[in-house]
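A short write-up of the structure that comes next.
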Amino acid sequence: METKMKIIERVERGEHTVDVAHSYNINSSTISMILNNKDKIMEHVKSAVQVMLTIILKKCGKVMEEMEKLLSEWMQDQHQHRVPLSIMLIQEKVKRLYEDLKKKHGEESEGTSFNVSHGWFHRFKVEPTFTM
């Protein structure tokens, strides 16, 4: 599918089908067939991308959900013990929790990354999980 998409892109950019066929070492009739089925190919690629995004989000979501739960519990514990918390301290804890959970979930969360930004912290803080 990836090759077919590249062929479609090259022809749409204005390359001659003969030149594209020659570069892939295939017949011009194959290029024509790919172009005739362009809509089906595009739909297939679109649905495959959506499935992959769903899988990635679900895998990442498990790690994030568990990390946020553990962070909330840790913050509540720190608050009960009157330990002052700074954003930097919380961000460091988040990084450690996230990396530990990625290892725990292994292959399931491979390739996912997480940026502990001030925006993420603000969204986390306003959710009902924890109030500061």
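The way I read the labels, and the way they are meant: chains A, B, ... in the order of the structure tokens, residue 1 as the first residue of every chain, and ligand 1 as the first ligand shown, with later ones counted on from there.
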May I have the residues within 12 Å of Ile34 in chain A as a short mmCIF file (atom, residue, chain, number, x, y, z; two decimals) with N, CA and C atoms, in the first residue's frame, using only C-alpha atoms and disregarding those fewer than 3 positions away in the same chain?
```
data_model
loop_
_atom_site.label_atom_id
_atom_site.label_comp_id
_atom_site.auth_asym_id
_atom_site.auth_seq_id
_atom_site.Cartn_x
_atom_site.Cartn_y
_atom_site.Cartn_z
N MET A 1 0.82 -1.20 0.00
CA MET A 1 0.00 0.00 0.00
C MET A 1 0.86 1.26 0.00
N GLU A 2 1.95 1.20 0.74
CA GLU A 2 2.83 2.37 0.81
C GLU A 2 3.38 2.71 -0.58
N THR A 3 3.77 1.69 -1.31
CA THR A 3 4.30 1.91 -2.67
C THR A 3 3.22 2.48 -3.57
N LYS A 4 2.02 1.94 -3.46
CA LYS A 4 0.91 2.44 -4.27
C LYS A 4 0.63 3.90 -3.96
N MET A 5 0.70 4.26 -2.69
CA MET A 5 0.48 5.66 -2.30
C MET A 5 1.58 6.56 -2.89
N LYS A 6 2.80 6.09 -2.87
CA LYS A 6 3.91 6.88 -3.43
C LYS A 6 3.71 7.06 -4.94
N ILE A 7 3.26 6.01 -5.59
CA ILE A 7 3.01 6.08 -7.04
C ILE A 7 1.93 7.12 -7.32
N ILE A 8 0.84 7.05 -6.58
CA ILE A 8 -0.26 8.01 -6.76
C ILE A 8 0.24 9.43 -6.54
N GLU A 9 1.01 9.65 -5.47
CA GLU A 9 1.53 10.99 -5.18
C GLU A 9 2.42 11.50 -6.31
N VAL A 11 2.44 10.66 -9.51
CA VAL A 11 1.65 10.96 -10.72
C VAL A 11 0.85 12.25 -10.51
N THR A 17 3.43 8.77 -16.17
CA THR A 17 3.25 7.39 -15.69
C THR A 17 4.37 6.47 -16.19
N VAL A 20 7.34 6.95 -13.85
CA VAL A 20 7.07 6.34 -12.54
C VAL A 20 7.17 4.82 -12.66
N ALA A 21 6.57 4.26 -13.72
CA ALA A 21 6.61 2.81 -13.94
C ALA A 21 8.05 2.34 -14.08
N ILE A 26 8.02 -1.56 -13.17
CA ILE A 26 6.73 -2.21 -13.43
C ILE A 26 6.16 -1.66 -14.72
N ASN A 27 5.14 -2.32 -15.25
CA ASN A 27 4.50 -1.90 -16.50
C ASN A 27 3.65 -0.66 -16.28
N SER A 28 3.50 0.13 -17.33
CA SER A 28 2.64 1.32 -17.27
C SER A 28 1.19 0.92 -16.99
N SER A 29 0.79 -0.26 -17.45
CA SER A 29 -0.59 -0.72 -17.22
C SER A 29 -0.85 -0.93 -15.72
N THR A 30 0.18 -1.32 -14.98
CA THR A 30 0.05 -1.49 -13.53
C THR A 30 -0.18 -0.13 -12.88
N ILE A 31 0.54 0.88 -13.36
CA ILE A 31 0.35 2.24 -12.85
C ILE A 31 -1.08 2.70 -13.13
N ASN A 37 -7.81 2.59 -9.31
CA ASN A 37 -8.28 2.14 -7.99
C ASN A 37 -7.87 3.09 -6.87
N LYS A 38 -7.51 4.29 -7.25
CA LYS A 38 -7.01 5.27 -6.29
C LYS A 38 -7.95 5.46 -5.09
N ASP A 39 -9.25 5.60 -5.35
CA ASP A 39 -10.21 5.84 -4.26
C ASP A 39 -10.23 4.67 -3.27
N LYS A 40 -10.23 3.46 -3.79
CA LYS A 40 -10.22 2.27 -2.92
C LYS A 40 -8.93 2.20 -2.12
N ILE A 41 -7.82 2.49 -2.77
CA ILE A 41 -6.51 2.46 -2.10
C ILE A 41 -6.47 3.51 -0.99
N MET A 42 -6.93 4.73 -1.30
CA MET A 42 -6.94 5.81 -0.32
C MET A 42 -7.82 5.44 0.87
#
```
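For range 88-100 of chain A, the non-local neighbours within 7 Å, defined as residues at least 6 positions apart in the same chain or in other chains and counting only C-alpha atoms, are Met67, Leu71 and Val116 of chain A.
Distance-wise, CA of Lys103 in chain A and CA of Val63 in chain A end up 10.0 Å apart.
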For a test of reading the model, state the distance in Å between CA of Met64 in chain A and CA of Ser117 in chain A, rounded to one decimal.
13.9 Å
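Note that the spacing between CA of Asp19 in chain A and CA of Met33 in chain A amounts to 15.5 Å.
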